[in-house]
Amino acid sequence: ALVSVGSFAQVSPVVKGSLNLSNYYGGDSDGSKTLVGGRFGFGIEYQFNDLVSLQPTLYLSHKGAKYGNDNANVKFHEWYLDMPIDVQLRFNIADNTNLTVAAGPYIAYGIFGKTKGTGAFLGNEYPGDVDTFGDNRLKRFDAGLNFELGFEFGKFLVGGSYELGLVKPYSDSKCYNSNFSINVGYKF
């Protein structure tokens, strides 16, 4: 579908890098704290007109959270292939400067990660460094909503985005992934 869209849209490759501030939210997220990570990706912008474009971007994204109390001190390092597919609106605010607003779904698949520390979180014991994904650990699949606000200065991009996870990383939990990113990029 994206290839056929390209036949009547202006197509521009985009590279982006981000500073991630990720955490868990929801009923079982008490005690979780923000984990700093990064995100690097490549996307394609299909610009239909001066106002509307479609922008799928594939990222390698570091997410997770820290959890600490008297009984545990655990850091969840989660590396995902992460793909938001956003509809973007572009508003010209000055010569060669645009305000962009985007939203859409995202899907992600956990490819690797290490959970470091000791203690128990959501009924799982962490005896030291273990794989983040796998048996009795986090699920690999994640999905949710992505929201972005940014500026285009010619071919340079800056802004922020927020991913609101809608899939529980643990089947018996009431917590979800949450990720705020500060983005920079370049559109070719």
# chains A, B, ... in the order shown; residues from 1 in each chain; ligands from 1
call {"tool": "residues_around", "arguments": {"residues": "stretch 100-115 of chain A", "least_positions_apart": "5", "cutoff": "7 Å", "atoms": "only C-alpha atoms", "output": "ChimeraX atom specification"}}
result
/A:74-91,129-133,140-151
call {"tool": "select_by_dssp", "arguments": {"residues": "stretch 22-153 of chain A", "states": "strand (DSSP E)", "output": "ChimeraX atom specification"}}
result
/A:22-26,32-33,35-47,52-68,73-94,97-112,114-121,124-126,130-131,141-153
call {"tool": "closest_residue", "arguments": {"among": "A:Leu54, A:Lys63, A:Lys33, A:Phe42", "to": "A:Gln10", "atoms": "only C-alpha atoms"}}
result
A:Leu54
call {"tool": "select_by_dssp", "arguments": {"residues": "chain A", "states": "alpha helix (DSSP H)", "output": "ChimeraX atom specification"}}
result
/A:2-5
call {"tool": "closest_residue", "arguments": {"among": "A:Gly154, A:Gly31, A:Asn23, A:Val184", "to": "A:Thr97", "atoms": "only C-alpha atoms"}}
result
A:Gly154
call {"tool": "closest_residue", "arguments": {"among": "A:Leu157, A:Leu58, A:Ala120, A:Ala72", "to": "A:Asn98", "atoms": "only C-alpha atoms"}}
result
A:Leu157
call {"tool": "closest_residue", "arguments": {"among": "A:Gly134, A:Gly185, A:Gly159, A:Gly119", "to": "A:Asn69", "atoms": "only C-alpha atoms"}}
result
A:Gly119
call {"tool": "atom_distance", "arguments": {"atom1": "atom CA of A:Ile182", "atom2": "atom CA of A:Gln47"}}
result
23.0 Å
call {"tool": "closest_residue", "arguments": {"among": "A:Phe40, A:Tyr126, A:Tyr67, A:Phe153", "to": "A:Ser181", "atoms": "only C-alpha atoms"}}
result
A:Phe40
call {"tool": "closest_residue", "arguments": {"among": "A:Lys174, A:Pro169, A:Leu99, A:Lys139", "to": "A:Leu51", "atoms": "only C-alpha atoms"}}
result
A:Leu99
call {"tool": "atom_distance", "arguments": {"atom1": "atom CA of A:Gln55", "atom2": "atom CA of A:Phe188"}}
result
13.6 Å
